[in-house]
Amino acid sequence: MTDRELMDRAKEAWKFAYIPYSHFGVGAALECDDGTVYTGCNVENAALGCTICAERTACVKAVSEGHRRFVRIAIYGEGETYCMPCGQCRQFLAEFSPEMEVLCAKAGGRYVSYKLRELLPHTFRL
């Protein structure tokens, strides 16, 4: 799967975002080491702490199906700046694959690429 195809999957997931409070949708597509892709969107809640980001939604779906090793994740948002994973999502993903690639898009479909370790150089580990 190409980067663009993975980003297209993230954009499709973005359409399902439940965002009555922020009005900022995010979609994610997470590629496992065997090529399986799981998607997710952000789901907001009036109790803000219950809100879950698109990246964690995709990761939880993958883990609940037995996947633990990820190659890359595409994150799509319609903002003017690149849609970067929040700190919680960075730590959550690093639990499984700190070397994974992170593709971050903005409105118009342009994206940048990072290694997760670049975005979170000092992960919390037990």
# chains A, B, ... in the order shown; residues from 1 in each chain; ligands from 1
>>> residues_around(residues="Ala58 (chain A)", least_positions_apart="5", cutoff="6 Å", atoms="only C-alpha atoms", output="PyMOL selection string")
chain A and resi 38-40
>>> write_last_selection(atoms="N, CA, C and O atoms", output="PDB file, in the first residue's frame")
ATOM      1  N   TYR A  38      -6.206  -0.830   9.917  1.00  0.00           N
ATOM      2  CA  TYR A  38      -7.340  -0.495  10.776  1.00  0.00           C
ATOM      3  C   TYR A  38      -7.525   1.013  10.745  1.00  0.00           C
ATOM      4  O   TYR A  38      -6.536   1.759  10.789  1.00  0.00           O
ATOM      5  N   THR A  39      -8.759   1.453  10.655  1.00  0.00           N
ATOM      6  CA  THR A  39      -9.043   2.876  10.621  1.00  0.00           C
ATOM      7  C   THR A  39      -9.766   3.308  11.885  1.00  0.00           C
ATOM      8  O   THR A  39     -10.329   2.483  12.609  1.00  0.00           O
ATOM      9  N   GLY A  40      -9.745   4.600  12.118  1.00  0.00           N
ATOM     10  CA  GLY A  40     -10.453   5.159  13.260  1.00  0.00           C
ATOM     11  C   GLY A  40     -10.700   6.638  13.053  1.00  0.00           C
ATOM     12  O   GLY A  40     -10.065   7.277  12.212  1.00  0.00           O
TER      13      GLY A  40
END
>>> select_by_dssp(residues="region 7-124 of chain A", states="alpha helix (DSSP H)", output="PyMOL selection string")
chain A and resi 7-14+54-64+87-94+116-119
>>> write_last_selection(atoms="C-alpha atoms", output="compact mmCIF listing (two decimals), in the first residue's frame")
# COMPACT_ATOMS: atom_id res chain seq x y z
CA MET A 7 -3.86 8.57 3.62
CA ASP A 8 -6.98 8.02 1.51
CA ARG A 9 -8.11 5.41 4.05
CA ALA A 10 -7.55 7.95 6.83
CA LYS A 11 -9.58 10.54 4.92
CA GLU A 12 -12.44 8.05 4.57
CA ALA A 13 -12.39 7.42 8.33
CA TRP A 14 -12.39 11.21 8.91
CA ALA A 54 -8.64 8.78 15.82
CA GLU A 55 -5.17 7.32 16.30
CA ARG A 56 -6.09 5.52 19.52
CA THR A 57 -9.38 4.32 18.00
CA ALA A 58 -7.48 2.65 15.15
CA CYS A 59 -4.87 1.23 17.54
CA VAL A 60 -7.44 -0.21 19.94
CA LYS A 61 -9.25 -1.86 17.03
CA ALA A 62 -5.98 -3.42 15.85
CA VAL A 63 -4.92 -4.61 19.30
CA SER A 64 -8.38 -6.05 19.98
CA GLY A 87 0.92 13.47 23.40
CA GLN A 88 -1.43 10.73 24.61
CA CYS A 89 -1.56 9.19 21.15
CA ARG A 90 2.21 9.38 20.73
CA GLN A 91 2.74 7.50 24.00
CA PHE A 92 -0.07 5.05 23.20
CA LEU A 93 1.43 4.15 19.80
CA ALA A 94 4.97 4.00 21.22
CA LEU A 116 7.36 8.24 15.95
CA ARG A 117 10.63 8.39 17.91
CA GLU A 118 11.21 11.88 16.42
CA LEU A 119 7.84 13.03 17.75
>>> residues_around(residues="Ala105 (chain A)", least_positions_apart="5", cutoff="12 Å", atoms="only C-alpha atoms", output="PyMOL selection string")
chain A and resi 3-4+6-8+10-11+14+26-29+73-85+110-114
>>> residues_around(residues="Arg69 (chain A)", least_positions_apart="2", cutoff="7 Å", atoms="only C-alpha atoms", output="PyMOL selection string")
chain A and resi 32-33+67+71+96-97
>>> write_last_selection(atoms="N, CA and C atoms", output="short mmCIF file (atom, residue, chain, number, x, y, z; two decimals), in the first residue's frame")
data_model
loop_
_atom_site.label_atom_id
_atom_site.label_comp_id
_atom_site.auth_asym_id
_atom_site.auth_seq_id
_atom_site.Cartn_x
_atom_site.Cartn_y
_atom_site.Cartn_z
N CYS A 32 -0.56 -2.45 9.98
CA CYS A 32 0.12 -3.47 10.79
C CYS A 32 1.28 -4.07 9.99
N ASP A 33 2.16 -4.78 10.67
CA ASP A 33 3.32 -5.35 9.99
C ASP A 33 2.96 -6.42 8.97
N HIS A 67 -3.32 -7.68 16.81
CA HIS A 67 -2.14 -7.05 16.20
C HIS A 67 -1.41 -6.21 17.24
N VAL A 71 3.55 -0.61 11.30
CA VAL A 71 4.55 -0.06 10.39
C VAL A 71 4.40 1.45 10.27
N PHE A 96 3.66 0.11 21.42
CA PHE A 96 3.71 -1.02 20.49
C PHE A 96 4.83 -0.90 19.46
N SER A 97 5.01 0.27 18.86
CA SER A 97 5.95 0.41 17.74
C SER A 97 6.61 1.79 17.73
#
>>> select_by_dssp(residues="chain A", states="strand (DSSP E)", output="VMD selection string")
chain A and resid 26 to 32 37 to 41 70 to 77 101 to 105 111 to 115
>>> residues_around(residues="Ala46 (chain A)", least_positions_apart="6", cutoff="12 Å", atoms="only C-alpha atoms", output="list in words")
Tyr18, Ile19, Pro20, Tyr21, Ser22 and Ile52 of chain A
